[in-house]
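Asker: Here you go, this is input_12.pdb (PDB, C-alpha atoms and all ligand atoms).
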ATOM      1  CA  MET E 163      -8.036 -37.349  15.750
ATOM      2  CA  SER E 164      -4.892 -39.271  14.955
ATOM      3  CA  ALA E 165      -1.460 -37.918  15.806
ATOM      4  CA  GLU E 166      -0.872 -37.566  12.080
ATOM      5  CA  ASP E 167      -4.019 -35.444  11.643
ATOM      6  CA  ARG E 168      -3.048 -33.272  14.585
ATOM      7  CA  ALA E 169       0.402 -32.700  13.141
ATOM      8  CA  LEU E 170      -1.181 -31.794   9.817
ATOM      9  CA  SER E 171      -3.560 -29.257  11.302
ATOM     10  CA  ALA E 172      -0.750 -27.664  13.340
ATOM     11  CA  GLN E 173       1.241 -27.439  10.122
ATOM     12  CA  GLU E 174      -1.754 -25.849   8.378
ATOM     13  CA  GLU E 175      -2.130 -23.359  11.174
ATOM     14  CA  ILE E 176       1.531 -22.377  10.925
ATOM     15  CA  GLU E 177       1.043 -21.916   7.202
ATOM     16  CA  VAL E 178      -1.957 -19.621   7.774
ATOM     17  CA  LEU E 179      -0.011 -17.593  10.349
ATOM     18  CA  ARG E 180       2.924 -17.222   7.960
ATOM     19  CA  ARG E 181       0.611 -15.894   5.294
ATOM     20  CA  GLN E 182      -0.921 -13.445   7.742
ATOM     21  CA  LEU E 183       2.526 -12.235   8.741
ATOM     22  CA  LEU E 184       3.452 -11.593   5.140
ATOM     23  CA  GLU E 185       0.151  -9.819   4.569
ATOM     24  CA  ALA E 186       0.791  -7.630   7.647
ATOM     25  CA  GLN E 187       4.207  -6.575   6.343
ATOM     26  CA  LYS E 188       2.657  -5.819   2.941
ATOM     27  CA  LEU E 189       0.116  -3.522   4.573
ATOM     28  CA  THR E 190       2.842  -1.792   6.601
ATOM     29  CA  ALA E 191       4.852  -1.253   3.418
ATOM     30  CA  ILE E 192       1.813   0.128   1.565
ATOM     31  CA  GLY E 193       1.038   2.391   4.509
ATOM     32  CA  GLU E 194       4.609   3.709   4.541
ATOM     33  CA  LEU E 195       4.494   4.269   0.804
ATOM     34  CA  LEU E 196       1.228   6.140   1.051
ATOM     35  CA  GLY E 197       2.626   8.316   3.835
ATOM     36  CA  THR E 198       5.755   9.111   1.810
ATOM     37  CA  THR E 199       3.793   9.835  -1.357
ATOM     38  CA  THR E 200       1.344  12.156   0.361
ATOM     39  CA  HIS E 201       4.175  13.969   2.093
ATOM     40  CA  GLU E 202       6.153  14.394  -1.141
ATOM     41  CA  PHE E 203       3.080  15.491  -3.066
ATOM     42  CA  ASN E 204       2.266  18.053  -0.427
ATOM     43  CA  ASN E 205       5.776  19.496  -0.626
ATOM     44  CA  VAL E 206       5.434  19.935  -4.358
ATOM     45  CA  LEU E 207       2.009  21.501  -3.983
ATOM     46  CA  MET E 208       3.408  24.039  -1.509
ATOM     47  CA  THR E 209       6.087  25.042  -4.033
ATOM     48  CA  ILE E 210       3.470  25.491  -6.762
ATOM     49  CA  LEU E 211       1.226  27.548  -4.472
ATOM     50  CA  ASN E 212       4.035  29.817  -3.288
ATOM     51  CA  TYR E 213       5.376  30.563  -6.764
ATOM     52  CA  ALA E 214       1.871  31.131  -8.146
ATOM     53  CA  ARG E 215       1.336  33.730  -5.390
ATOM     54  CA  LEU E 216       4.710  35.318  -6.161
ATOM     55  CA  GLY E 217       3.821  35.548  -9.865
ATOM     56  CA  ILE E 218       0.511  37.244  -9.113
ATOM     57  CA  ARG E 219       2.062  39.721  -6.683
ATOM     58  CA  HIS E 220       4.954  40.757  -8.916
ATOM     59  CA  LYS E 221       4.012  41.948 -12.373
ATOM     60  CA  ASP E 222       7.557  42.290 -13.746
ATOM     61  CA  GLU E 223       8.569  39.850 -16.442
ATOM     62  CA  PRO E 224      11.733  38.305 -14.848
ATOM     63  CA  THR E 225       9.913  37.441 -11.616
ATOM     64  CA  ARG E 226       6.959  35.973 -13.496
ATOM     65  CA  ASP E 227       9.284  33.944 -15.735
ATOM     66  CA  LYS E 228      11.058  32.582 -12.680
ATOM     67  CA  ALA E 229       7.724  31.747 -11.027
ATOM     68  CA  PHE E 230       6.528  29.902 -14.138
ATOM     69  CA  GLU E 231       9.787  27.943 -14.351
ATOM     70  CA  LYS E 232       9.505  26.864 -10.710
ATOM     71  CA  ILE E 233       5.849  25.930 -11.190
ATOM     72  CA  LEU E 234       6.735  23.911 -14.279
ATOM     73  CA  ALA E 235       9.558  22.034 -12.519
ATOM     74  CA  ALA E 236       7.381  21.295  -9.484
ATOM     75  CA  SER E 237       4.503  20.101 -11.671
ATOM     76  CA  GLN E 238       6.856  17.780 -13.534
ATOM     77  CA  ARG E 239       7.964  16.326 -10.223
ATOM     78  CA  ALA E 240       4.331  15.910  -9.159
ATOM     79  CA  ALA E 241       3.685  13.994 -12.380
ATOM     80  CA  LYS E 242       6.665  11.724 -11.616
ATOM     81  CA  ILE E 243       5.332  11.012  -8.141
ATOM     82  CA  THR E 244       1.878  10.063  -9.375
ATOM     83  CA  SER E 245       3.280   7.954 -12.198
ATOM     84  CA  SER E 246       5.404   6.080  -9.680
ATOM     85  CA  VAL E 247       2.282   5.265  -7.686
ATOM     86  CA  LEU E 248       0.475   4.288 -10.876
ATOM     87  CA  GLY E 249       3.495   2.151 -11.738
ATOM     88  CA  MET E 250       2.712   0.052  -8.704
ATOM     89  CA  ALA E 251      -0.837  -0.337  -9.906
ATOM     90  CA  ARG E 252       0.386  -1.533 -13.313
ATOM     91  CA  ASN E 253       1.485  -4.890 -11.982
ATOM     92  CA  ARG E 254      -1.075  -5.228  -9.281
ATOM     93  CA  SER E 255      -1.664  -8.902  -9.847
ATOM     94  CA  ASP E 256       0.383 -11.185  -7.702
ATOM     95  CA  SER E 257       1.637 -13.075 -10.738
ATOM     96  CA  LEU E 258       5.171 -13.302 -12.018
ATOM     97  CA  GLU E 259       5.700 -11.412 -15.263
ATOM     98  CA  PRO E 260       8.680 -10.094 -17.224
ATOM     99  CA  THR E 261       9.527  -7.034 -15.119
ATOM    100  CA  ASP E 262      11.785  -4.034 -15.707
ATOM    101  CA  VAL E 263      13.682  -3.850 -12.402
ATOM    102  CA  ALA E 264      15.479  -0.604 -13.411
ATOM    103  CA  ALA E 265      12.085   1.126 -13.716
ATOM    104  CA  ILE E 266      11.123  -0.102 -10.251
ATOM    105  CA  ILE E 267      14.357   1.367  -8.853
ATOM    106  CA  GLU E 268      13.611   4.755 -10.460
ATOM    107  CA  GLU E 269      10.000   4.783  -9.287
ATOM    108  CA  THR E 270      11.023   3.924  -5.742
ATOM    109  CA  LEU E 271      13.801   6.529  -5.610
ATOM    110  CA  VAL E 272      11.462   9.327  -6.732
ATOM    111  CA  LEU E 273       9.627   8.735  -3.484
ATOM    112  CA  LEU E 274      12.667   8.443  -1.237
ATOM    113  CA  GLU E 275      15.238  10.879  -2.671
ATOM    114  CA  ARG E 276      14.127  13.845  -0.586
ATOM    115  CA  GLU E 277      14.075  11.751   2.576
ATOM    116  CA  MET E 278      17.625  10.569   1.788
ATOM    117  CA  MET E 279      18.697  14.175   1.231
ATOM    118  CA  LYS E 280      17.245  15.158   4.588
ATOM    119  CA  TYR E 281      19.397  12.501   6.286
ATOM    120  CA  ARG E 282      22.463  13.605   4.246
ATOM    121  CA  ILE E 283      22.683  10.364   2.315
ATOM    122  CA  SER E 284      24.106  10.523  -1.192
ATOM    123  CA  ILE E 285      22.775   8.040  -3.713
ATOM    124  CA  GLU E 286      24.921   6.439  -6.377
ATOM    125  CA  LYS E 287      23.287   4.343  -9.079
ATOM    126  CA  GLN E 288      25.059   1.822 -11.261
ATOM    127  CA  ILE E 289      22.333   0.549 -13.523
ATOM    128  CA  GLY E 290      23.566  -1.864 -16.160
ATOM    129  CA  GLU E 291      21.724  -3.254 -19.163
ATOM    130  CA  VAL E 292      19.648  -6.116 -17.801
ATOM    131  CA  PRO E 293      16.976  -8.344 -19.312
ATOM    132  CA  PRO E 294      13.497  -8.391 -17.723
ATOM    133  CA  ALA E 295      13.285 -10.450 -14.530
ATOM    134  CA  LEU E 296      10.502 -12.930 -13.875
ATOM    135  CA  ALA E 297       8.919 -11.086 -10.981
ATOM    136  CA  CYS E 298       5.953  -9.422  -9.391
ATOM    137  CA  GLY E 299       6.753  -5.696  -9.605
ATOM    138  CA  ASN E 300       4.801  -4.715  -6.505
ATOM    139  CA  GLN E 301       6.551  -7.253  -4.352
ATOM    140  CA  ILE E 302       9.991  -6.289  -5.655
ATOM    141  CA  GLN E 303       9.191  -2.667  -4.872
ATOM    142  CA  GLN E 304       8.177  -3.718  -1.341
ATOM    143  CA  VAL E 305      11.531  -5.501  -0.953
ATOM    144  CA  LEU E 306      13.452  -2.496  -2.276
ATOM    145  CA  LEU E 307      11.614  -0.089   0.014
ATOM    146  CA  ASN E 308      12.375  -2.265   3.032
ATOM    147  CA  LEU E 309      16.073  -2.436   2.115
ATOM    148  CA  LEU E 310      16.351   1.304   1.423
ATOM    149  CA  ILE E 311      14.621   2.287   4.646
ATOM    150  CA  ASN E 312      16.844  -0.105   6.622
ATOM    151  CA  ALA E 313      19.891   1.397   4.910
ATOM    152  CA  ARG E 314      18.776   4.916   5.731
ATOM    153  CA  GLN E 315      18.179   3.968   9.370
ATOM    154  CA  ALA E 316      21.695   2.481   9.584
ATOM    155  CA  MET E 317      23.256   5.806   8.499
ATOM    156  CA  LEU E 318      22.201   8.211  11.218
ATOM    157  CA  GLN E 319      25.142  10.524  10.539
ATOM    158  CA  GLY E 320      24.552  10.467   6.790
ATOM    159  CA  GLY E 321      26.502   8.359   4.337
ATOM    160  CA  ARG E 322      26.555   6.763   0.932
ATOM    161  CA  LEU E 323      24.015   4.483  -0.670
ATOM    162  CA  LEU E 324      24.880   2.445  -3.729
ATOM    163  CA  ILE E 325      22.205   0.795  -5.841
ATOM    164  CA  LYS E 326      23.566  -1.530  -8.467
ATOM    165  CA  LEU E 327      21.757  -3.556 -11.102
ATOM    166  CA  GLU E 328      23.540  -6.068 -13.293
ATOM    167  CA  HIS E 329      23.005  -9.203 -15.327
ATOM    168  CA  ASP E 330      24.793 -12.283 -14.000
ATOM    169  CA  THR E 331      25.169 -14.061 -17.315
ATOM    170  CA  SER E 332      26.459 -17.328 -15.870
ATOM    171  CA  ALA E 333      23.548 -17.789 -13.444
ATOM    172  CA  ASN E 334      21.189 -15.908 -15.801
ATOM    173  CA  THR E 335      19.884 -13.746 -13.003
ATOM    174  CA  VAL E 336      19.148 -10.054 -12.588
ATOM    175  CA  ASP E 337      21.197  -8.957  -9.564
ATOM    176  CA  LEU E 338      20.192  -6.005  -7.429
ATOM    177  CA  VAL E 339      22.644  -4.759  -4.817
ATOM    178  CA  VAL E 340      21.794  -2.230  -2.088
ATOM    179  CA  ARG E 341      24.927  -1.165  -0.225
ATOM    180  CA  ASP E 342      25.110   1.323   2.624
ATOM    181  CA  SER E 343      27.986   2.885   4.543
ATOM    182  CA  GLY E 344      26.146   2.534   7.850
ATOM    183  CA  THR E 345      26.744   0.879  11.197
ATOM    184  CA  GLY E 346      27.123  -2.670   9.906
ATOM    185  CA  ILE E 347      25.777  -5.755  11.697
ATOM    186  CA  PRO E 348      27.798  -7.863  14.156
ATOM    187  CA  PRO E 349      27.972 -11.611  13.325
ATOM    188  CA  GLU E 350      25.757 -12.748  16.238
ATOM    189  CA  LYS E 351      22.957 -10.494  14.978
ATOM    190  CA  LEU E 352      23.588 -11.143  11.304
ATOM    191  CA  ARG E 353      22.332 -14.692  11.594
ATOM    192  CA  LYS E 354      19.035 -13.479  13.055
ATOM    193  CA  ILE E 355      18.123 -10.538  10.832
ATOM    194  CA  PHE E 356      15.812 -12.540   8.543
ATOM    195  CA  ASP E 357      13.849 -13.980  11.497
ATOM    196  CA  PRO E 358      10.377 -12.502  11.949
ATOM    197  CA  PHE E 359      10.212  -9.949  14.784
ATOM    198  CA  PHE E 360      13.978  -9.683  15.137
ATOM    199  CA  THR E 361      14.684  -5.991  15.541
ATOM    200  CA  THR E 362      17.265  -3.804  17.234
ATOM    201  CA  LYS E 363      15.111  -0.691  16.810
ATOM    202  CA  PRO E 364      13.206   0.582  19.831
ATOM    203  CA  GLY E 365      10.167   1.529  17.709
ATOM    204  CA  PRO E 366       9.174   3.806  14.856
ATOM    205  CA  ASP E 367      11.704   6.595  14.219
ATOM    206  CA  GLU E 368      10.884  10.285  13.715
ATOM    207  CA  SER E 369       9.770   9.484  10.159
ATOM    208  CA  GLY E 370       7.415   6.867  11.582
ATOM    209  CA  ARG E 371       9.319   3.886  10.236
ATOM    210  CA  GLY E 372      10.835   0.736  11.609
ATOM    211  CA  GLY E 373      10.727  -1.424  14.644
ATOM    212  CA  THR E 374       8.486  -4.406  13.962
ATOM    213  CA  GLY E 375      11.239  -6.706  12.741
ATOM    214  CA  LEU E 376       9.153  -7.948   9.828
ATOM    215  CA  GLY E 377      10.869  -6.112   6.964
ATOM    216  CA  LEU E 378      13.638  -8.565   6.150
ATOM    217  CA  SER E 379      11.598 -11.688   6.899
ATOM    218  CA  ALA E 380       9.077 -10.475   4.298
ATOM    219  CA  CYS E 381      11.934  -9.764   1.845
ATOM    220  CA  LYS E 382      13.217 -13.293   2.293
ATOM    221  CA  SER E 383       9.779 -14.879   1.811
ATOM    222  CA  ILE E 384       9.119 -12.816  -1.294
ATOM    223  CA  ILE E 385      12.489 -13.511  -2.908
ATOM    224  CA  GLU E 386      12.320 -17.225  -2.182
ATOM    225  CA  ALA E 387       8.824 -17.390  -3.673
ATOM    226  CA  HIS E 388      10.383 -15.855  -6.792
ATOM    227  CA  ARG E 389      12.923 -18.702  -6.762
ATOM    228  CA  GLY E 390      15.564 -16.064  -6.206
ATOM    229  CA  ARG E 391      18.204 -15.553  -3.529
ATOM    230  CA  ILE E 392      18.848 -12.866  -0.953
ATOM    231  CA  ARG E 393      22.275 -12.533   0.607
ATOM    232  CA  VAL E 394      23.882 -10.152   3.052
ATOM    233  CA  GLU E 395      27.452  -9.071   3.697
ATOM    234  CA  SER E 396      28.248  -6.754   6.560
ATOM    235  CA  THR E 397      31.223  -5.201   8.300
ATOM    236  CA  VAL E 398      30.750  -3.399  11.599
ATOM    237  CA  GLY E 399      31.649   0.263  11.208
ATOM    238  CA  LYS E 400      31.824   0.009   7.416
ATOM    239  CA  GLY E 401      28.407  -0.931   6.151
ATOM    240  CA  THR E 402      26.103  -3.573   4.797
ATOM    241  CA  ALA E 403      25.263  -4.881   1.345
ATOM    242  CA  PHE E 404      22.208  -6.900   0.394
ATOM    243  CA  THR E 405      22.233  -8.760  -2.925
ATOM    244  CA  ILE E 406      19.075 -10.043  -4.541
ATOM    245  CA  LYS E 407      19.233 -12.450  -7.438
ATOM    246  CA  LEU E 408      16.096 -12.820  -9.535
ATOM    247  CA  PRO E 409      15.660 -15.274 -12.399
ATOM    248  CA  VAL E 410      15.621 -13.755 -15.890
ATOM    249  CA  ALA E 411      12.285 -14.095 -17.689
ATOM    250  CA  THR E 412      12.744 -16.431 -20.635
ATOM    251  CA  LYS E 413      10.467 -17.576 -23.444
ATOM    252  CA  ASP E 414       9.787 -20.767 -21.541
ATOM    253  CA  SER E 415       9.200 -19.063 -18.174
ATOM    254  CA  PRO E 416       5.880 -20.014 -16.692
ATOM    255  CA  LYS E 417       3.586 -16.992 -17.208
ATOM    256  CA  GLU E 418       1.083 -17.232 -14.424
ATOM    257  CA  ILE E 419       2.629 -18.400 -11.192
ATOM    258  CA  SER E 420       1.097 -16.765  -8.228
ATOM    259  CA  ALA E 421       3.785 -15.429  -5.987
ATOM    260  CA  PRO E 422       4.288 -16.305  -3.239
ATOM    261  CA  THR E 423       1.984 -19.311  -3.088
ATOM    262  CA  THR E 424       3.624 -20.921  -0.128
ATOM    263  CA  ILE E 425       5.699 -18.964   2.253
ATOM    264  CA  PRO E 426       8.938 -20.754   2.934
ATOM    265  CA  ALA E 427       9.646 -22.038   6.404
ATOM    266  CA  ILE E 428      11.182 -19.537   8.743
ATOM    267  CA  SER E 429      14.756 -20.601   9.266
ATOM    268  CA  THR E 430      16.448 -20.052  12.549
ATOM    269  CA  SER E 431      19.719 -21.618  11.551
ATOM    270  CA  VAL E 432      22.404 -19.853   9.563
ATOM    271  CA  ALA E 433      21.048 -20.518   6.114
ATOM    272  CA  THR E 434      22.744 -19.510   2.880
ATOM    273  CA  THR E 435      20.506 -16.469   2.926
ATOM    274  CA  THR E 436      22.138 -15.112   6.037
ATOM    275  CA  GLY E 437      25.646 -16.216   5.257
ATOM    276  CA  GLU E 438      28.617 -14.449   3.765
ATOM    277  CA  GLN E 439      29.390 -12.098   6.555
ATOM    278  CA  SER E 440      32.590 -10.247   6.113
ATOM    279  CA  ALA E 441      35.647 -11.665   7.857
ATOM    280  CA  SER E 442      36.582  -8.281   9.206
ATOM    281  CA  SER E 443      33.306  -7.740  11.045
TER     282      SER E 443
HETATM  283  N1  LIG E 501      21.264  -2.030   6.341
HETATM  284  C1  LIG E 501      21.329  -2.399   7.613
HETATM  285  N2  LIG E 501      22.342  -1.974   8.410
HETATM  286  C2  LIG E 501      22.425  -2.343   9.713
HETATM  287  N3  LIG E 501      21.519  -3.152  10.317
HETATM  288  C3  LIG E 501      20.493  -3.607   9.585
HETATM  289  C4  LIG E 501      20.331  -3.264   8.195
HETATM  290  N4  LIG E 501      19.216  -3.881   7.733
HETATM  291  C5  LIG E 501      18.715  -4.564   8.767
HETATM  292  N5  LIG E 501      19.451  -4.407   9.892
HETATM  293  C6  LIG E 501      19.229  -5.036  11.208
HETATM  294  O1  LIG E 501      18.298  -6.096  11.046
HETATM  295  C7  LIG E 501      17.166  -5.914  11.904
HETATM  296  C8  LIG E 501      15.936  -6.482  11.228
HETATM  297  O2  LIG E 501      15.585  -5.717  10.083
HETATM  298  P1  LIG E 501      14.067  -5.700   9.609
HETATM  299  O3  LIG E 501      13.962  -4.803   8.427
HETATM  300  O4  LIG E 501      13.591  -7.097   9.466
HETATM  301  O5  LIG E 501      13.279  -5.075  10.849
HETATM  302  P2  LIG E 501      13.261  -3.566  11.381
HETATM  303  O6  LIG E 501      13.863  -2.657  10.356
HETATM  304  O7  LIG E 501      13.881  -3.568  12.737
HETATM  305  O8  LIG E 501      11.704  -3.279  11.508
HETATM  306  P3  LIG E 501      10.641  -3.187  10.288
HETATM  307  O9  LIG E 501       9.762  -4.379  10.435
HETATM  308  O10 LIG E 501       9.915  -1.932  10.545
HETATM  309  O11 LIG E 501      11.399  -3.197   9.007
HETATM  310  C9  LIG E 501      17.119  -4.415  12.152
HETATM  311  O12 LIG E 501      16.453  -4.107  13.362
HETATM  312  C10 LIG E 501      18.620  -4.075  12.208
HETATM  313  O13 LIG E 501      19.168  -4.393  13.468
HETATM  314 MG    MG E 502      13.245  -2.726   8.328
END
Turn this file's structure into C-alpha cells for me.
Answerer:
Amino acid sequence: MSAEDRALSAQEEIEVLRRQLLEAQKLTAIGELLGTTTHEFNNVLMTILNYARLGIRHKDEPTRDKAFEKILAASQRAAKITSSVLGMARNRSDSLEPTDVAAIIEETLVLLEREMMKYRISIEKQIGEVPPALACGNQIQQVLLNLLINARQAMLQGGRLLIKLEHDTSANTVDLVVRDSGTGIPPEKLRKIFDPFFTTKPGPDESGRGGTGLGLSACKSIIEAHRGRIRVESTVGKGTAFTIKLPVATKDSPKEISAPTTIPAISTSVATTTGEQSASS
C-alpha cells in the first residue's frame, strides 16, 4: 500500500468516525426528547385522571363544570404534545426543504416549558416575520434542543431565556438567537466548546441530561452542512448567546440535498464559529 493510499484510508476512517459521532448525538437527542415527551404526557394524563375522579365523586354542577374545564385544557395540551412529536415526523427525511423555523420553536417549547418553569426560567420570545429557511426540520430541532438544554443548565439559580427569530435581509438568512442569563463561558473555554467531548459537566444532571460534550459539536456539524453559521458571544456572570444563521429557501434553492452529507472537519483552532466573545468576559 502506498503512503498515499494509507493516508486516504486514514482519512476515510476519520470520516466514518465523524459520521458515527453525529449519529450518536442524534440518538441521544431523540432519547432525551422521548423522555421529555413521555414525562410531559404522563403529567397531563394525571391531571385528566384526577379531575375525572373529582367530577364523578361530586355531583354538584359547579364542581363538575370545573372538572370538565380542567379536563378540556389538559386534553388540549396533550394534543399539542403529540402534534409536536408528529411535527418531527413530518420532515423525517434528511433533505433540505423550505422549513418554518417559528413552528419548530413552538413545537420544541411545548416540550420544554414545564421543565423551564421548574428551574425558574422565564422565556421571552421575539418571533419576527421570516421566510422559510432551507433546512432539515428534525436537525434544526435537535440543534435547538441542545442549545435550550445547555442554556437551562447554565442557569442553576433560574434566569431569563430569550429566543429571537428574525430575517437578516442583507445576508438573506433566517437568524435564530438563543440567549441565556446564565454563568457565561470564560474565553479559554469558549474556544473549545464546539470540540467533540469538551464538557465541563460531571455527568447527567437530575433530569438525566448533559455531560457527553457532543451537543455543540453536533450543532456545528449540522449548521455547517446547512451552509449556515453558528456563533457564540459570552460574558462571564452575565450570560451566553448563540446565533444561528440559516439560508433562506429561494426558488432556485436545490430541493434535494441530503444534509449533512459530509461532516465538516473538527476544528481545534479558534474558528469564526467560536469567535466573537465579549470583551468584558
Ligand atoms: N449556554 C451555555 N452557558 C454556559 N456554558 C455553556 C453553554 N452552552 C455550552 N456551554 C459549555 O460548553 C460545554 C460543551 O457543551 P456541549 O453541549 O457540547 O456539551 P455538554 O452540554 O457538556 O454535554 P452534552 O453532550 O450532553 O450536550 C458545556 O459543558 C459547557 O461548559
Ligand atoms: Mg449540551
Asker: What residues have any atom no more than 9 Å from ligand MG 502 (chain E) when counting all atoms listed in the file, and can you list them as a VMD selection string?
Answerer: chain E and resid 307 to 313 315 361 363 371 to 378
Asker: I'd like the contact shell of Thr402 of chain E - 8 Å cut-off, all atoms listed in the file, skipping same-chain residues fewer than 4 positions apart - returned as a PDB file with C-alpha atoms, keeping the file's coordinate frame.
Answerer:
ATOM      1  CA  ALA E 313      19.891   1.397   4.910  1.00  0.00           C
ATOM      2  CA  ARG E 341      24.927  -1.165  -0.225  1.00  0.00           C
ATOM      3  CA  ASP E 342      25.110   1.323   2.624  1.00  0.00           C
ATOM      4  CA  SER E 343      27.986   2.885   4.543  1.00  0.00           C
ATOM      5  CA  GLY E 344      26.146   2.534   7.850  1.00  0.00           C
ATOM      6  CA  THR E 345      26.744   0.879  11.197  1.00  0.00           C
ATOM      7  CA  GLY E 346      27.123  -2.670   9.906  1.00  0.00           C
ATOM      8  CA  ILE E 347      25.777  -5.755  11.697  1.00  0.00           C
ATOM      9  CA  VAL E 394      23.882 -10.152   3.052  1.00  0.00           C
ATOM     10  CA  GLU E 395      27.452  -9.071   3.697  1.00  0.00           C
ATOM     11  CA  SER E 396      28.248  -6.754   6.560  1.00  0.00           C
ATOM     12  CA  THR E 397      31.223  -5.201   8.300  1.00  0.00           C
TER      13      THR E 397
END
Asker: Written as a list in words, which residues does the PyMOL selection byres (((chain E and resi 208-224) around 12) and not hetatm) give for the file shown?
Answerer: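 Written out, the selection comes to His201, Glu202, Phe203, Asn204, Asn205, Val206, Leu207, Thr225, Arg226, Asp227, Lys228, Ala229, Phe230, Glu231, Lys232, Ile233, Leu234, Ala235, Ala236, Ser237, Gln238, Arg239 and Ala240 of chain E.
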Asker: Take the PyMOL selection byres (((chain E and resi 180-195) around 10) and not hetatm), run it mentally on this structure, and tell me the resulting residues as a ChimeraX atom specification.
Answerer: /E:174-179,196-201,247,270,273-274,300-301,303-305,307-308,358,369-372,374-381,383-384,422-428
Asker: When distances are computed from all atoms listed in the file, which of E:Ala316, E:Ala333, E:Arg391, E:Ser415 shows the smallest separation from ligand LIG 501 (chain E)?
Answerer: E:Ala316
